[in-house]
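Notes follow the structure.
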Amino acid sequence: MRRIEAVLFATASPVPREDLSRVVGQGASVDLLIDDLTADLEGRAFEVAQVAGGWMFRTRPVYAPAIRAAADVGEQALDLSEFDVAVLGAIAYHQPITRDALKDIFGKEISRDLIGRLHEHGLIGTGPRSPRRGAPYTYVTTEKFLAVFDLETLHDLPDREQLEDAGLAEG
C-alpha cells in the first residue's frame, strides 16, 4: 500500500493499473491495496481518485478555497463558453471527428481558434488523419479531459437518456 502511495504522490497524472501492478508485484491486488489506502486517507485533506484509466491523489473539494488563497491562483477556471463546451461534448461523443463533421452537427463553421483553445487547455488532441480526400485532421479528447470532468473512461459520459432527463438534449 505504501508503495502505491509513494507512486501516486510522485506523479501529477493518473497512474494505470499496469504500472501499479509492477510496483507491488503480480501477486498483490491493486484494487484491495487502493481500497486500503482510501480507508487510510479517510479524514485527510486529499483522497485517491480513479480517473482517466488510473488513480491519482486529489485534494478534497472542500479545501479548494484554502489552496487558492494560499497559492494566490484565483479560480483557474477553464474560461470556456457554453458553445466551447458543446463542441467539446460533440468531440467526446463522436471522436475521432473532423471540423467538417462538427460543422454538420452545429450547422455552422467551427473556428480554428475554438479548436486551438480546447487544444491549449489540453482537453483535446489531434487524432488520426481522416481517410477522406485531403486527409483532414481529426480531434479526440485527452486524458486531461477525463481528469477535468472526473471520468474514468469515455464510457462514463452520460448517455442520451440521462442528457434528456437533465434537460440538456431534446427527446
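Letters for chains follow the order of the C-alpha cells (A, B, ...), residue numbers begin at 1 for each chain, and ligand numbers begin at 1 in the order shown.
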- Exercise: A:Pro16 partners within 8 Å, only C-alpha atoms, chain neighbours under 3 positions left out, as a PyMOL selection string: chain A and resi 19-20+53-55
- Message: If DSSP is run on the backbone, what residues of chain A are helix (DSSP H, G or I)? A reply as a PyMOL selection string would be ideal.
- Response: chain A and resi 2-10+17-24+30-40+61-71+82-94+99-106+112-120+143-148+154-156+160-165
- Task: Check stretch 71-146 of chain A with DSSP on the backbone and list each residue it calls strand (DSSP E), as number ranges by chain.
- Result: A: 124-126, 139-141
